[in-house]
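Asker: Here it is, the structure in full.
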Protein chains: 2
Amino acid sequence: MSVTVKDVARVAGVSTATVSRALRGFPSVDPDLRKHVLEVAERLEYVGSPAAAALSTGRAGTIGLITPFVDRLAFQRMLSGIEREMRDTRMDLLLYCTGDPSDPHPVPPHKRLARRVDGFLVLSLSAESPDLENILKLRMPVTMFGSDGPWTSSVHIDDRGGAATATQHLIDTGHRRIGLIYGREAESDAVLEHQRHLGFRDAMDRAGLPIHERLVVPGDYSMAGGARAMARILDEDERPTAVVAFSDEMAYGAITTMNERGIVPGRDIAIIGYDGHEMSALLGLSTISVPFEDIGATAVRKLLNDIEGRTDGPRTTVLPTELVVRPTTSAYTGR
Amino acid sequence: MSVTVKDVARVAGVSTATVSRALRGFPSVDPDLRKHVLEVAERLEYVGSPAAAALSTGRAGTIGLITPFVDRLAFQRMLSGIEREMRDTRMDLLLYCTGDPSDPHPVPPHKRLARRVDGFLVLSLSAESPDLENILKLRMPVTMFGSDGPWTSSVHIDDRGGAATATQHLIDTGHRRIGLIYGREAESDAVLEHQRHLGFRDAMDRAGLPIHERLVVPGDYSMAGGARAMARILDEDERPTAVVAFSDEMAYGAITTMNERGIVPGRDIAIIGYDGHEMSALLGLSTISVPFEDIGATAVRKLLNDIEGRTDGPRTTVLPTELVVRPTTSAYTGR
DNA sequence: CTGAAAGCGCTAACAA
DNA sequence: TTGTTAGCGCTTTCAG
């Protein structure tokens, strides 16, 4: 069927071993011979079989990206960074979406990808997801974001600090009755959700402010969820004067609801998001900016290091977040 | 090192052939034996090697997704549909981003993925990208969106019609001086960009309206580009009363600029986008909604059919777009 | 219904 | 520096 090393070897008048070496640029090949082999390969339109190479070397030449969601801006941005970082690599990216914990994939990731990749990039997988556990059992290189493992490397942001900063900012602006739109119920301390809750609490406690349970509602990390959450908050007898949302997307939804009800964000009720997506600038949404692109790129670098057996650099990197103040939390300057 | 079919065979007391057959659920295996083999495999935590299977069968069990960009909402939505559709499949998804034509990948997709995948999903690749040509040369199953090949299957939308509808809508609303924010210079007729241009022209011509070249500016398909484009348009002596943007993202940017300059979208200048992203509802942006999720899902189905050699269904599917009217193109109902 | 054996295409010792 | 040879782990005829 297709052209193999054998064909190239035959035509070039050398052994398959030499072809293999020449193609991979081994220094131990005579430059002229190498050039010749390359030419023949080119002329024959030879394309190597990664499967055969993988079988032979035991290395797949692929890394597996595992994440529960694919339809969120944060993912998109991380993917962007991952992609950019992998460009100059010979590695390919295999995408595996676990989906909602409640609606798991028919074939779990460790079964699917174990022998197919050289390492895993695990994004935002809940700490007690059985998938995570199974992946760790594989004892392959793993780099995580949003969770941690006993021997894996990981990328983090200071989620607790970020949430505290956001909340503190509202407090500094004079707000005392502050609502919260979080994502989902956190199942464990390790999860980012929980850290943000702690941060919120940190700031509120520090200021001696009470947390009104009825003003703390889930928004499912989606725009639609955020819209619903804000609706619930606005239906309360005593509305908050400010709201923290644990993601920009939920804040967008919340703003929709506010718009619909004629409530002006920043003037009537302040709102701050979390993530720092590009879109937030357009909406004038204050937010905690998170360097997702860097997170992706950093994670790839770490994973590649681990795969190559290099152990330079720390196992854990914490990337900074930044408070970005925009009209939704500053005096309304409307026209 | 790891557990192989041999180990399973030995422990189960059968041949490797039987293990292989049992594991893949061949009907020609005694049910009891099969169960036994499965148990042993489970107990040994056996995980097959896709590389070996691929080498042996000649099928990679993977499809390659090729696209020039990864950081656009349209991609995200298509990926979402692709992901969903692949869930119940035994296929894995390999992501390959070609990047900007001007900044191509060091190793072109056909070299990288050729033998690694069973087929290609090609999204929005420019029709005369050399990559496209090279992929076609591979003579593997290919499904495309946004371009077409002599023997590939493809998914389309009526881009020309959509652009015409958008423009016509503005005309119907009484606008006569209409600006345009397009993406980039189109290099060929096949490309979507060109089709949208044609649609715009169709509607303008039909209405006997002139196209003012100075009001036709590129926005690079990005929010930032859209913002710049709108700035250029607003700097013209004679401003348009309405603007068509060839993507929602560019429209978002345009709206930012309008906001900054105190121009109210829909009241002072009408604007309509193209793509129908979720966010547009929030901004009240009129748009031509494009079913990107369906496009992704449909493309996967077609590709899988082609790979399996099934040839049911048409080679080409055209998915519908829909005009969605929102405040940015209707009388301003401000509060 | 099950087993034996021959590869799939490539790489990696080991020799030369 | 180059060639020979023996696999990598699985599937798949072909016998039995």
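Ligands are numbered from 1 in the order shown, chains are lettered A, B, ... in the order of the structure tokens, and residues start at 1 in each chain.
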Show me, as an MDAnalysis selection string, every residue of chain B with an atom at most 9 Å from chain C, counting only C-alpha atoms (C1' of nucleotides).

Answerer: chainID B and resid 14:18 28:30 52 54:58

Asker: Residues within 12 Å of Gly225 in chain B, please, as a list in words. Count only C-alpha atoms (C1' of nucleotides); anything in the same chain fewer than 6 positions from it doesn't count.

Answerer: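 Selected residues are Ile181, Tyr182, Gly183, Arg184, Val217, Pro218, Gly219, Ala231, Arg232, Ala245, Phe246, Ser247, Asp248, Glu249, Met250, Ala251, Tyr252, Gly253, Ala254, Ile255, Thr256 and Thr257 of chain B.
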
Asker: Give me a file of those residues, with N, CA and C atoms, as an mmCIF file, in the first residue's frame.

Answerer:
data_model
loop_
_atom_site.group_PDB
_atom_site.id
_atom_site.type_symbol
_atom_site.label_atom_id
_atom_site.label_comp_id
_atom_site.auth_asym_id
_atom_site.auth_seq_id
_atom_site.Cartn_x
_atom_site.Cartn_y
_atom_site.Cartn_z
ATOM 1 N N ILE B 181 -18.009 45.749 7.926
ATOM 2 C CA ILE B 181 -16.761 45.288 8.538
ATOM 3 C C ILE B 181 -16.593 43.834 8.150
ATOM 4 N N TYR B 182 -15.645 43.576 7.293
ATOM 5 C CA TYR B 182 -15.410 42.190 6.877
ATOM 6 C C TYR B 182 -14.195 41.658 7.622
ATOM 7 N N GLY B 183 -13.812 40.414 7.298
ATOM 8 C CA GLY B 183 -12.697 39.819 8.032
ATOM 9 C C GLY B 183 -11.353 40.184 7.440
ATOM 10 N N ARG B 184 -10.987 39.457 6.399
ATOM 11 C CA ARG B 184 -9.725 39.741 5.717
ATOM 12 C C ARG B 184 -9.973 39.713 4.223
ATOM 13 N N VAL B 217 -14.390 48.118 5.622
ATOM 14 C CA VAL B 217 -13.071 47.964 6.238
ATOM 15 C C VAL B 217 -12.898 46.592 6.880
ATOM 16 N N PRO B 218 -11.665 46.118 6.922
ATOM 17 C CA PRO B 218 -11.401 44.797 7.488
ATOM 18 C C PRO B 218 -11.327 44.837 9.010
ATOM 19 N N GLY B 219 -11.751 43.767 9.648
ATOM 20 C CA GLY B 219 -11.743 43.717 11.107
ATOM 21 C C GLY B 219 -11.042 42.483 11.639
ATOM 22 N N ALA B 231 -13.798 52.319 14.445
ATOM 23 C CA ALA B 231 -13.171 53.623 14.642
ATOM 24 C C ALA B 231 -12.923 54.286 13.289
ATOM 25 N N ARG B 232 -12.406 53.512 12.362
ATOM 26 C CA ARG B 232 -12.147 54.059 11.022
ATOM 27 C C ARG B 232 -13.441 54.535 10.372
ATOM 28 N N ALA B 245 -21.450 43.521 10.136
ATOM 29 C CA ALA B 245 -20.157 42.936 10.506
ATOM 30 C C ALA B 245 -20.217 41.452 10.154
ATOM 31 N N PHE B 246 -19.147 40.955 9.563
ATOM 32 C CA PHE B 246 -19.144 39.557 9.136
ATOM 33 C C PHE B 246 -18.831 38.572 10.248
ATOM 34 N N SER B 247 -18.752 39.047 11.477
ATOM 35 C CA SER B 247 -18.716 38.119 12.608
ATOM 36 C C SER B 247 -19.196 38.838 13.854
ATOM 37 N N ASP B 248 -19.796 38.093 14.737
ATOM 38 C CA ASP B 248 -20.265 38.684 15.984
ATOM 39 C C ASP B 248 -19.109 39.292 16.762
ATOM 40 N N GLU B 249 -17.987 38.585 16.748
ATOM 41 C CA GLU B 249 -16.859 39.076 17.531
ATOM 42 C C GLU B 249 -16.421 40.469 17.063
ATOM 43 N N MET B 250 -16.380 40.657 15.765
ATOM 44 C CA MET B 250 -16.028 41.989 15.262
ATOM 45 C C MET B 250 -17.109 42.994 15.662
ATOM 46 N N ALA B 251 -18.339 42.549 15.658
ATOM 47 C CA ALA B 251 -19.429 43.438 16.062
ATOM 48 C C ALA B 251 -19.269 43.846 17.526
ATOM 49 N N TYR B 252 -18.834 42.893 18.355
ATOM 50 C CA TYR B 252 -18.631 43.233 19.766
ATOM 51 C C TYR B 252 -17.616 44.365 19.869
ATOM 52 N N GLY B 253 -16.542 44.203 19.128
ATOM 53 C CA GLY B 253 -15.514 45.239 19.133
ATOM 54 C C GLY B 253 -16.066 46.564 18.643
ATOM 55 N N ALA B 254 -16.852 46.492 17.586
ATOM 56 C CA ALA B 254 -17.442 47.709 17.026
ATOM 57 C C ALA B 254 -18.308 48.399 18.073
ATOM 58 N N ILE B 255 -19.043 47.597 18.804
ATOM 59 C CA ILE B 255 -19.921 48.165 19.833
ATOM 60 C C ILE B 255 -19.099 48.839 20.930
ATOM 61 N N THR B 256 -17.972 48.226 21.271
ATOM 62 C CA THR B 256 -17.095 48.869 22.254
ATOM 63 C C THR B 256 -16.760 50.279 21.808
ATOM 64 N N THR B 257 -16.295 50.376 20.588
ATOM 65 C CA THR B 257 -15.919 51.688 20.054
ATOM 66 C C THR B 257 -17.099 52.651 20.091
#

Asker: I need the strand (DSSP E or B) residues of range 136-208 of chain B per DSSP on the backbone, written as a list of chain:residue names.

Answerer: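 Output for range 136-208 of chain B, strand (DSSP E or B) only: B:Val142, B:Thr143, B:Met144, B:Phe145, B:Ser153, B:Ser154, B:Val155, B:His156, B:Ile157, B:Ile178, B:Gly179, B:Leu180, B:Ile181, B:Tyr182.
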
Asker: Leaving out Leu234 in chain B and any residue of its chain fewer than 6 positions from it, which residues lie within 10 Å of it when counting only C-alpha atoms (C1' of nucleotides), given as a list in words?

Answerer: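 Once the nearby chain positions are removed, what remains is Leu215, Arg228, Pro240, Thr257, Met258, Arg261 and Ile263 of chain B.
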
Asker: At most 7 Å is the cut-off: for each residue in chain D with any atom that close to an atom of chain A, write down the nearest atom pair and the distance in Å rounded to one decimal, counting only C-alpha atoms (C1' of nucleotides), chain first then increasing number, as a Markdown table.

Answerer:
| residue | atom | partner | partner_atom | distance |
| --- | --- | --- | --- | --- |
| D:DT1 | C1' | A:Val29 | CA | 6.4 |
| D:DT2 | C1' | A:Thr18 | CA | 6.8 |
| D:DG3 | C1' | A:Ser15 | CA | 6.2 |
| D:DC8 | C1' | A:Ser56 | CA | 4.6 |

Asker: Kindly save the residues from that selection, with N, CA and C atoms (P, O5', C5', C4', C3', O3' and C1' of nucleotides) included, as a PDB file, in the first residue's frame.

Answerer:
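The resulting file, result20.pdb, is shown below:
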ATOM      1  P    DT D   1      30.550   9.677  12.099  1.00  0.00           P
ATOM      2  O5'  DT D   1      29.756   8.843  11.006  1.00  0.00           O
ATOM      3  C5'  DT D   1      30.027   8.990   9.648  1.00  0.00           C
ATOM      4  C4'  DT D   1      29.875   7.631   9.043  1.00  0.00           C
ATOM      5  C3'  DT D   1      28.432   7.271   8.679  1.00  0.00           C
ATOM      6  O3'  DT D   1      28.376   7.019   7.284  1.00  0.00           O
ATOM      7  C1'  DT D   1      29.511   5.493   9.862  1.00  0.00           C
ATOM      8  P    DT D   2      27.038   6.812   6.525  1.00  0.00           P
ATOM      9  O5'  DT D   2      26.731   5.284   6.755  1.00  0.00           O
ATOM     10  C5'  DT D   2      27.271   4.318   5.865  1.00  0.00           C
ATOM     11  C4'  DT D   2      26.957   2.937   6.369  1.00  0.00           C
ATOM     12  C3'  DT D   2      25.499   2.506   6.205  1.00  0.00           C
ATOM     13  O3'  DT D   2      25.479   1.508   5.204  1.00  0.00           O
ATOM     14  C1'  DT D   2      26.437   1.765   8.261  1.00  0.00           C
ATOM     15  P    DG D   3      24.096   0.936   4.684  1.00  0.00           P
ATOM     16  O5'  DG D   3      24.098  -0.489   5.398  1.00  0.00           O
ATOM     17  C5'  DG D   3      25.173  -1.383   5.133  1.00  0.00           C
ATOM     18  C4'  DG D   3      25.024  -2.640   5.962  1.00  0.00           C
ATOM     19  C3'  DG D   3      23.665  -3.338   5.818  1.00  0.00           C
ATOM     20  O3'  DG D   3      23.896  -4.743   5.695  1.00  0.00           O
ATOM     21  C1'  DG D   3      24.087  -2.875   8.102  1.00  0.00           C
ATOM     22  P    DC D   8       9.378  -8.015  22.442  1.00  0.00           P
ATOM     23  O5'  DC D   8       8.668  -6.597  22.262  1.00  0.00           O
ATOM     24  C5'  DC D   8       9.264  -5.383  22.709  1.00  0.00           C
ATOM     25  C4'  DC D   8       8.388  -4.240  22.247  1.00  0.00           C
ATOM     26  C3'  DC D   8       6.902  -4.545  22.361  1.00  0.00           C
ATOM     27  O3'  DC D   8       6.370  -3.868  23.496  1.00  0.00           O
ATOM     28  C1'  DC D   8       7.471  -3.637  20.175  1.00  0.00           C
TER      29       DC D   8
END

Asker: Kindly determine which residues of chain A lie within 7 Å of chain B, considering only C-alpha atoms, and give the answer as a PDB file with C-alpha atoms, in the first residue's frame.

Answerer:
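To be explicit, this is the file written out as iface.pdb:
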ATOM      1  CA  VAL A  47       5.297   9.638   5.482  1.00  0.00           C
ATOM      2  CA  GLY A  48       6.305   7.688   8.540  1.00  0.00           C
ATOM      3  CA  SER A  49       3.954   5.623  10.616  1.00  0.00           C
ATOM      4  CA  PRO A  50       3.704   7.025  14.119  1.00  0.00           C
ATOM      5  CA  ALA A  51       2.080   3.818  15.238  1.00  0.00           C
ATOM      6  CA  ALA A  52       5.080   1.766  14.249  1.00  0.00           C
ATOM      7  CA  ALA A  54       5.426   4.337  18.944  1.00  0.00           C
ATOM      8  CA  LEU A  55       5.334   0.588  19.190  1.00  0.00           C
ATOM      9  CA  VAL A  70     -14.795  22.250  26.180  1.00  0.00           C
ATOM     10  CA  ASP A  71     -17.348  24.984  25.845  1.00  0.00           C
ATOM     11  CA  GLN A  76     -10.489  28.074  24.959  1.00  0.00           C
ATOM     12  CA  ARG A  77      -7.826  30.325  26.354  1.00  0.00           C
ATOM     13  CA  SER A  80      -4.775  28.567  22.917  1.00  0.00           C
ATOM     14  CA  ARG A  87       3.923  24.277  17.925  1.00  0.00           C
ATOM     15  CA  ASP A  88       7.630  23.743  17.974  1.00  0.00           C
ATOM     16  CA  LEU A  93      -2.418  16.824  21.147  1.00  0.00           C
ATOM     17  CA  LEU A  94      -5.148  14.348  21.884  1.00  0.00           C
ATOM     18  CA  LEU A  95      -8.290  15.866  23.278  1.00  0.00           C
ATOM     19  CA  HIS A 105     -17.848   9.206  29.183  1.00  0.00           C
ATOM     20  CA  PRO A 106     -18.655   5.625  28.227  1.00  0.00           C
ATOM     21  CA  LYS A 111      -8.592   3.205  29.386  1.00  0.00           C
ATOM     22  CA  ARG A 115      -1.068   3.733  26.077  1.00  0.00           C
ATOM     23  CA  ARG A 116      -1.819   6.314  23.481  1.00  0.00           C
ATOM     24  CA  THR A 256     -28.339  40.323  31.183  1.00  0.00           C
ATOM     25  CA  LEU A 282     -16.418  45.419  26.365  1.00  0.00           C
TER      26      LEU A 282
END

Asker: Within 7 Å of range 167-178 of chain A, counting only C-alpha atoms (C1' of nucleotides), which residues show up once you throw out same-chain ones fewer than 2 positions away? Write them as a PyMOL selection string, please.

Answerer: chain A and resi 163-165+180+200+203+209+240-244

Asker: For CA of Val37 in chain A and CA of Asp131 in chain B, determine how far apart the two atoms are, in Å to one decimal place.

Answerer: 23.7 Å

Asker: So, with only C-alpha atoms as the atoms that count, which of B:Ser124, B:Thr311, B:Thr298, B:Ser20 lies closest to Pro141 in chain B?

Answerer: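 Ranking B:Ser124, B:Thr311, B:Thr298, B:Ser20 by distance to Pro141 in chain B, first place goes to B:Thr311.
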
Asker: Between CA of Leu136 in chain A and CA of Ala297 in chain A, what is the spacing in Å?

Answerer: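 Separation between CA of Ala297 in chain A and CA of Leu136 in chain A: 21.6 Å.
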
Asker: Might you pull out every residue within 10 Å of Arg315 in chain A, with only C-alpha atoms (C1' of nucleotides) counted and same-chain residues fewer than 6 positions away left off, and present them as a list in words?

Answerer: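 So the residues in contact are Thr143, Trp151, Thr152, Ser153, Ser154, Val155, Lys302, Leu303 and Asp306 of chain A.
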
Asker: If you run DSSP over the backbone, which residues in range 78-298 of chain A end up helix (DSSP H, G or I)? Put them as a PyMOL selection string.

Answerer: chain A and resi 78-86+109-113+130-137+159-172+192-206+213-215+223-235+248-260+278-283+292-298

Asker: In Å to one decimal, how far is CA of Leu65 in chain B from CA of Glu133 in chain B?

Answerer: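 Going from CA of Glu133 in chain B over to CA of Leu65 in chain B covers 15.7 Å.
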
Asker: Can you pull out the residues contacting Val325 in chain A? Cut-off 9 Å, using only C-alpha atoms (C1' of nucleotides), and skip same-chain residues under 4 positions away; I want them as a compact mmCIF listing (two decimals) with C-alpha atoms, in the first residue's frame.

Answerer:
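This is the output file result-v9.txt:
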# COMPACT_ATOMS: atom_id res chain seq x y z
CA HIS A 169 -12.59 45.63 46.37
CA ILE A 272 -17.40 41.88 39.69
CA GLY A 284 -17.08 47.26 31.41
CA LEU A 285 -17.08 44.37 33.84
CA SER A 286 -14.64 44.53 36.71
CA THR A 287 -12.93 41.22 37.19
CA ILE A 288 -10.04 39.22 38.53
CA THR A 329 -17.76 48.48 40.30
CA SER A 330 -17.03 52.15 40.07
